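Colleague: Got run-v8.csv for you, CSV, C-alpha atoms:
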chain,number,residue,atom,x,y,z
A,232,ASN,CA,57.7,2.2,128.1
A,233,LYS,CA,60.5,4.8,128.4
A,234,GLY,CA,60.1,5.9,124.8
A,235,PHE,CA,63.0,6.3,122.3
A,236,THR,CA,65.1,9.0,120.7
A,237,THR,CA,65.9,9.3,117.0
A,238,TYR,CA,69.1,10.9,115.8
A,239,ASN,CA,69.7,12.0,112.2
A,240,TYR,CA,73.1,12.7,110.7
A,241,GLY,CA,74.7,12.8,107.3
A,242,TYR,CA,73.3,13.6,103.9
A,243,GLN,CA,70.9,12.1,101.4
A,244,ASP,CA,73.3,12.2,98.6
A,245,ILE,CA,77.0,12.5,97.7
A,246,GLU,CA,76.7,16.1,96.7
A,247,LYS,CA,75.4,16.9,100.2
A,248,THR,CA,72.5,18.9,98.9
A,249,ALA,CA,70.1,17.7,101.6
A,250,GLY,CA,70.5,16.4,105.1
A,251,VAL,CA,68.9,13.2,106.5
A,252,ASN,CA,65.8,13.8,108.6
A,253,ASP,CA,62.9,12.0,110.2
A,254,SER,CA,61.0,12.0,106.9
A,255,THR,CA,63.8,10.8,104.7
A,256,ASN,CA,62.7,7.8,102.6
A,257,TRP,CA,64.9,4.8,102.1
A,258,ARG,CA,64.6,1.8,99.9
A,259,TYR,CA,64.1,-0.9,102.6
A,260,GLY,CA,65.6,-3.7,100.4
A,261,SER,CA,65.3,-7.1,102.1
A,262,ILE,CA,63.3,-5.6,105.0
A,263,THR,CA,60.5,-6.1,102.5
A,264,LYS,CA,60.7,-9.8,103.3
A,265,LEU,CA,59.3,-9.1,106.8
A,266,PHE,CA,56.1,-7.6,105.2
A,267,THR,CA,55.8,-10.6,102.9
A,268,ALA,CA,56.1,-13.1,105.7
A,269,VAL,CA,53.5,-11.2,107.8
A,270,MET,CA,51.0,-11.4,104.9
A,271,ILE,CA,51.6,-15.1,104.5
A,272,LEU,CA,50.9,-15.7,108.2
A,273,GLN,CA,47.8,-13.5,108.0
A,274,LEU,CA,46.5,-15.7,105.2
A,275,GLU,CA,47.2,-18.8,107.3
A,276,SER,CA,45.3,-17.3,110.2
A,277,GLU,CA,42.4,-16.7,107.8
A,278,GLY,CA,42.4,-20.3,106.8
A,279,LYS,CA,43.4,-19.6,103.2
A,280,LEU,CA,46.6,-21.5,103.3
A,281,SER,CA,49.0,-23.4,105.6
A,282,ILE,CA,52.7,-22.9,105.8
A,283,ASP,CA,53.0,-26.7,105.6
A,284,ASP,CA,51.4,-26.7,102.1
A,285,SER,CA,53.4,-27.7,99.1
A,286,VAL,CA,54.3,-24.7,97.1
A,287,ALA,CA,53.4,-26.6,93.9
A,288,LYS,CA,49.8,-26.5,95.1
A,289,TYR,CA,49.8,-22.8,94.2
A,290,ILE,CA,52.7,-22.1,91.8
A,291,ASN,CA,54.2,-24.2,89.0
A,292,LEU,CA,57.8,-24.9,90.0
A,293,LYS,CA,58.3,-26.9,86.8
A,294,GLN,CA,61.0,-29.5,87.3
A,295,HIS,CA,60.8,-29.0,91.1
A,296,ASN,CA,57.1,-29.6,91.5
A,297,THR,CA,57.7,-33.0,93.0
A,298,ALA,CA,60.5,-31.9,95.4
A,299,GLY,CA,58.0,-31.3,98.2
A,300,ILE,CA,59.1,-27.7,98.8
A,301,THR,CA,56.7,-26.1,101.4
A,302,ILE,CA,55.7,-22.5,102.1
A,303,GLN,CA,57.6,-22.7,105.4
A,304,GLN,CA,60.8,-23.6,103.6
A,305,LEU,CA,60.4,-20.5,101.4
A,306,LEU,CA,59.9,-18.4,104.6
A,307,ASN,CA,63.0,-19.7,106.4
A,308,HIS,CA,65.3,-20.1,103.3
A,309,THR,CA,65.6,-23.9,103.4
A,310,SER,CA,63.9,-24.6,100.0
A,311,GLY,CA,67.2,-25.4,98.1
A,312,LEU,CA,66.1,-23.2,95.2
A,313,ALA,CA,68.8,-21.3,93.3
A,314,ASN,CA,69.0,-17.7,94.4
A,315,TYR,CA,68.7,-15.5,91.3
A,316,THR,CA,70.6,-12.6,92.9
A,317,SER,CA,73.7,-14.8,93.1
A,318,SER,CA,73.9,-14.9,89.3
A,319,ASN,CA,76.1,-12.6,87.3
A,320,GLN,CA,73.9,-13.5,84.2
A,321,LEU,CA,71.0,-11.3,85.5
A,322,LYS,CA,70.7,-7.6,85.6
A,323,TRP,CA,68.5,-5.2,87.5
A,324,GLU,CA,66.6,-4.5,84.3
A,325,ASP,CA,65.5,-8.1,84.0
A,326,SER,CA,61.9,-8.8,84.9
A,327,MET,CA,60.8,-10.8,87.9
A,328,ASN,CA,59.6,-13.6,85.5
A,329,GLN,CA,63.0,-13.8,83.9
A,330,CYS,CA,64.6,-14.1,87.3
A,331,LEU,CA,62.2,-16.8,88.4
A,332,GLU,CA,62.7,-18.7,85.1
A,333,TYR,CA,66.5,-18.6,85.7
A,334,SER,CA,66.1,-20.1,89.2
A,335,LEU,CA,63.6,-22.8,88.3
A,336,LYS,CA,65.9,-24.1,85.4
A,337,ARG,CA,68.7,-24.7,87.9
A,338,LYS,CA,69.1,-27.8,90.0
A,339,LEU,CA,68.2,-27.6,93.7
A,340,ASN,CA,71.2,-26.7,95.8
A,341,PHE,CA,70.2,-29.3,98.4
A,342,LYS,CA,67.2,-31.4,99.4
A,343,PRO,CA,64.5,-29.1,100.7
A,344,GLY,CA,64.5,-28.7,104.5
A,345,THR,CA,68.1,-30.1,105.0
A,346,LYS,CA,70.1,-26.9,104.8
A,347,TYR,CA,69.9,-23.1,105.0
A,348,ASN,CA,70.8,-20.8,102.1
A,349,TYR,CA,69.5,-17.2,101.9
A,350,CYS,CA,67.2,-17.1,98.9
A,351,ASN,CA,65.5,-14.1,97.3
A,352,THR,CA,63.8,-16.5,94.8
A,353,GLY,CA,61.7,-18.0,97.7
A,354,TYR,CA,60.3,-14.6,98.6
A,355,VAL,CA,59.4,-13.7,95.0
A,356,ILE,CA,57.4,-17.0,95.0
A,357,LEU,CA,55.8,-16.1,98.3
A,358,GLY,CA,54.6,-12.9,96.7
A,359,LEU,CA,53.1,-14.9,93.8
A,360,ILE,CA,51.3,-17.2,96.3
A,361,ILE,CA,49.8,-14.1,98.0
A,362,GLU,CA,48.5,-12.9,94.7
A,363,LYS,CA,47.2,-16.4,93.8
A,364,VAL,CA,45.3,-16.9,97.1
A,365,THR,CA,43.8,-13.4,97.3
A,366,ALA,CA,43.3,-12.8,93.5
A,367,GLN,CA,44.8,-9.3,94.1
A,368,SER,CA,48.2,-7.9,93.4
A,369,TYR,CA,51.0,-7.9,95.9
A,370,GLN,CA,50.8,-4.1,95.9
A,371,GLN,CA,47.1,-4.1,96.7
A,372,ASN,CA,47.6,-6.7,99.5
A,373,ILE,CA,50.4,-4.8,101.2
A,374,ALA,CA,48.5,-1.5,101.1
A,375,GLU,CA,45.3,-3.1,102.5
A,376,ARG,CA,46.8,-5.5,104.9
A,377,ILE,CA,49.8,-3.4,106.3
A,378,PHE,CA,50.1,0.2,105.1
A,379,LYS,CA,46.6,1.3,105.7
A,380,PRO,CA,45.7,-0.4,109.0
A,381,CYS,CA,49.1,0.6,110.5
A,382,ARG,CA,48.8,4.1,109.1
A,383,LEU,CA,52.2,4.0,107.4
A,384,GLY,CA,51.9,7.1,105.2
A,385,SER,CA,55.4,7.1,103.8
A,386,MET,CA,55.5,3.4,102.7
A,387,LEU,CA,55.2,2.5,99.0
A,388,TYR,CA,55.5,-0.7,97.1
A,389,CYS,CA,57.9,0.9,94.7
A,390,SER,CA,58.8,-1.6,92.0
A,391,ASP,CA,59.3,1.0,89.2
A,392,GLU,CA,61.7,4.0,89.1
A,393,LYS,CA,59.3,6.6,90.4
A,394,ILE,CA,60.3,7.5,93.9
A,395,PRO,CA,59.4,10.4,96.3
A,396,SER,CA,61.7,13.4,96.1
A,397,ASN,CA,62.8,13.1,99.7
A,398,THR,CA,64.6,9.8,99.2
A,399,ALA,CA,68.2,9.0,100.2
A,400,ARG,CA,70.2,8.2,97.1
A,401,GLY,CA,71.9,4.8,96.5
A,402,TYR,CA,75.0,4.3,94.4
A,403,LYS,CA,76.9,1.7,92.6
A,404,ILE,CA,80.6,1.8,91.7
A,405,GLN,CA,81.1,1.6,87.9
A,406,ARG,CA,84.6,2.3,86.4
A,407,LYS,CA,85.8,3.6,89.7
A,408,ARG,CA,83.0,6.2,89.9
A,409,TYR,CA,79.8,6.3,91.9
A,410,LYS,CA,76.7,6.0,89.7
A,411,ASP,CA,73.4,7.0,91.1
A,412,PHE,CA,71.4,3.8,91.3
A,413,THR,CA,68.3,5.1,93.1
A,414,GLN,CA,65.8,5.4,90.3
A,415,ILE,CA,66.3,2.0,88.7
A,416,ASN,CA,63.3,-0.3,88.2
A,417,HIS,CA,62.9,-2.5,91.3
A,418,SER,CA,60.4,-5.0,89.8
A,419,TRP,CA,63.5,-7.3,89.9
A,420,ALA,CA,63.3,-7.3,93.7
A,421,ASN,CA,59.5,-7.5,94.0
A,422,ALA,CA,58.2,-9.2,97.2
A,423,ALA,CA,61.8,-9.8,98.2
A,424,GLY,CA,62.8,-6.1,98.3
A,425,ALA,CA,60.8,-3.4,96.6
A,426,VAL,CA,59.2,-1.5,99.6
A,427,LEU,CA,60.3,2.1,100.3
A,428,GLY,CA,59.5,4.4,103.3
A,429,ASN,CA,61.0,6.3,106.2
A,430,LEU,CA,62.4,5.0,109.5
A,431,THR,CA,59.6,6.6,111.6
A,432,ASP,CA,57.0,4.4,109.8
A,433,LEU,CA,59.3,1.3,110.1
A,434,LYS,CA,59.2,1.6,113.9
A,435,LYS,CA,55.5,2.3,113.8
A,436,PHE,CA,55.1,-1.0,111.8
A,437,VAL,CA,57.0,-2.9,114.4
A,438,ASN,CA,54.7,-1.5,117.1
A,439,CYS,CA,51.7,-2.4,115.0
A,440,LEU,CA,52.9,-5.9,114.5
The structure given in the file should be rewritten as C-alpha cells.
Modeller:
Amino acid sequence: NKGFTTYNYGYQDIEKTAGVNDSTNWRYGSITKLFTAVMILQLESEGKLSIDDSVAKYINLKQHNTAGITIQQLLNHTSGLANYTSSNQLKWEDSMNQCLEYSLKRKLNFKPGTKYNYCNTGYVILGLIIEKVTAQSYQQNIAERIFKPCRLGSMLYCSDEKIPSNTARGYKIQRKRYKDFTQINHSWANAAGAVLGNLTDLKKFVNCL
C-alpha cells in the first residue's frame, strides 16, 4: 500500500467565498445507490431476503405485481420500470410516493431481465424493501449499518433541505441565470440519491467495504 494524495482546488460557490478543502461536503447524488446496494446484500447475508426474490413479495407494484421483477433486477437496472427522473411532469418538490406512483402507472419499458435501462425508481423501491424487512427507516439503517461501523462522521442521509454549512453549492440554470439549488428537499431522491458527505469519508467507506 503506497498511500494516496488528495488535491483540492476551486471554490465551494460561484461567489468564491470559500475554497474547497478535505472537509468540504458534497451531495453524493447517485453514489447513494452504492450504499443501498450494500445494505441489500447485507440483508441477504443475514438470511432476511434473497436478491432472487420477487419484489412483489415485499412491495405492492400494482399492475406490475405479476411481472416477476426481482430484487436483482432492481439492483442492476434491468427491471423495465419507468424511470421517474426521466419525466418532465415531476418536480424536485414532489414526494417520493408521488414519484413512485408515477412510475407504477406506466407500462414497463421492456420485459424484466431482457434489457438495461438506468432507473432511479428501482433504487427507491430497494430503499422501501430495506425498511420493510428491518422495520426501521432507511435513515436508521444506513446510520447503523454503514455510517457508524465505518466511522463516517461527515455522512448524512440528507433528504430535507438542512445541510451542513461547509457544503459545496449546486446550481441550476433558470432564465439564463444560475440559481442555487443546494438546499432543496431531497426526499425526491431518497435511497437513489440523498446521501451527503466529504470525499475523505467516501474513500474511507471504500476501504471499509
Colleague: With 7 Å as the threshold, what does the neighbourhood of (62.9, -6.8, 98.4) contain in terms of residues, counting only C-alpha atoms? Coordinates are those of the file; answer as a PyMOL selection string.
Modeller: chain A and resi 260-264+420-426
Colleague: Excluding Thr237 in chain A and any residue of its chain fewer than 2 positions from it, enumerate the residues within 10 Å of it, using all atoms listed in the file, and give them as number ranges by chain.
Modeller: A: 235, 239, 252-253, 430-431
Colleague: Wanna dump the range 332-402 of chain A-range 303-327 of chain A contacts at 7 Å for me, each residue with its shortest atom pair and the distance in Å to one decimal, counting all atoms listed in the file, ordered by chain and number, as JSON lines?
Modeller:
{"residue": "A:Tyr333", "atom": "CA", "partner": "A:Tyr315", "partner_atom": "CA", "distance": 6.8}
{"residue": "A:Ser334", "atom": "CA", "partner": "A:Ala313", "partner_atom": "CA", "distance": 5.1}
{"residue": "A:Arg337", "atom": "CA", "partner": "A:Ala313", "partner_atom": "CA", "distance": 6.4}
{"residue": "A:Leu339", "atom": "CA", "partner": "A:Gly311", "partner_atom": "CA", "distance": 5.0}
{"residue": "A:Asn340", "atom": "CA", "partner": "A:Gly311", "partner_atom": "CA", "distance": 4.8}
{"residue": "A:Phe341", "atom": "CA", "partner": "A:Gly311", "partner_atom": "CA", "distance": 4.9}
{"residue": "A:Lys342", "atom": "CA", "partner": "A:Gly311", "partner_atom": "CA", "distance": 6.1}
{"residue": "A:Pro343", "atom": "CA", "partner": "A:Ser310", "partner_atom": "CA", "distance": 4.6}
{"residue": "A:Gly344", "atom": "CA", "partner": "A:Thr309", "partner_atom": "CA", "distance": 5.0}
{"residue": "A:Thr345", "atom": "CA", "partner": "A:Thr309", "partner_atom": "CA", "distance": 6.9}
{"residue": "A:Lys346", "atom": "CA", "partner": "A:Thr309", "partner_atom": "CA", "distance": 5.6}
{"residue": "A:Tyr347", "atom": "CA", "partner": "A:Thr309", "partner_atom": "CA", "distance": 4.7}
{"residue": "A:Asn348", "atom": "CA", "partner": "A:His308", "partner_atom": "CA", "distance": 5.7}
{"residue": "A:Tyr349", "atom": "CA", "partner": "A:His308", "partner_atom": "CA", "distance": 5.3}
{"residue": "A:Cys350", "atom": "CA", "partner": "A:Asn314", "partner_atom": "CA", "distance": 4.9}
{"residue": "A:Asn351", "atom": "CA", "partner": "A:Asn314", "partner_atom": "CA", "distance": 5.8}
{"residue": "A:Thr352", "atom": "CA", "partner": "A:Asn314", "partner_atom": "CA", "distance": 5.4}
{"residue": "A:Gly353", "atom": "CA", "partner": "A:Leu305", "partner_atom": "CA", "distance": 4.7}
{"residue": "A:Tyr354", "atom": "CA", "partner": "A:Leu305", "partner_atom": "CA", "distance": 6.5}
Colleague: Between A:Gly299, A:Gly278, A:Gly358, A:Gly250, which one has atoms that come closest to Ala399 in chain A, using all atoms listed in the file?
Modeller: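 Closest to Ala399 in chain A, using all atoms listed in the file: A:Gly250.
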Colleague: Every residue with an atom at most 6 Å from (55.7, 3.0, 106.9) (file coordinates; all atoms listed in the file) is what I'm after, so could you write them as a PDB file with C-alpha atoms, in the frame of the given file?
Modeller:
ATOM      1  CA  LEU A 383      52.200   4.000 107.400  1.00  0.00           C
ATOM      2  CA  GLY A 384      51.900   7.100 105.200  1.00  0.00           C
ATOM      3  CA  SER A 385      55.400   7.100 103.800  1.00  0.00           C
ATOM      4  CA  MET A 386      55.500   3.400 102.700  1.00  0.00           C
ATOM      5  CA  GLY A 428      59.500   4.400 103.300  1.00  0.00           C
ATOM      6  CA  ASP A 432      57.000   4.400 109.800  1.00  0.00           C
ATOM      7  CA  LEU A 433      59.300   1.300 110.100  1.00  0.00           C
TER       8      LEU A 433
END
Colleague: Calculated over only C-alpha atoms, which of the candidates A:Leu292, A:Leu387, A:Val269, A:Ala366 has the smallest distance to Lys338 in chain A?
Modeller: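 Between A:Leu292, A:Leu387, A:Val269, A:Ala366, the residue approaching Lys338 in chain A most closely is A:Leu292.
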Colleague: Provide the CA of Glu277 in chain A to CA of Asn291 in chain A distance in Å, to one decimal place.
Modeller: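 That distance, rounded to one decimal, is 23.4 Å.
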Colleague: When distances are computed from only C-alpha atoms, which of A:Ile245, A:Ile394, A:Cys389, A:Leu265 shows the smallest separation from His417 in chain A?
Modeller: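 Distance minimum relative to His417 in chain A lands on A:Cys389.
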Colleague: Just want the 6 Å neighbourhood of Thr255 in chain A, counted on all atoms listed in the file, with same-chain residues fewer than 4 positions away dropped. Output as JSON, numbers by chain.
Modeller: {"A": [251, 397, 398, 429]}
Colleague: So, counting only C-alpha atoms, which residue among A:Ile360, A:Phe378, A:Ala249, A:Leu440 is closest to Asp284 in chain A?
Modeller: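 Checking each candidate against Asp284 in chain A, we get A:Ile360 as the closest.
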Colleague: Out of A:Tyr369, A:Pro380, A:Asn296, A:Asp411, which residue has the shortest atom-to-atom distance to Val355 in chain A when counting only C-alpha atoms?
Modeller: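 Closest to Val355 in chain A, using only C-alpha atoms: A:Tyr369.
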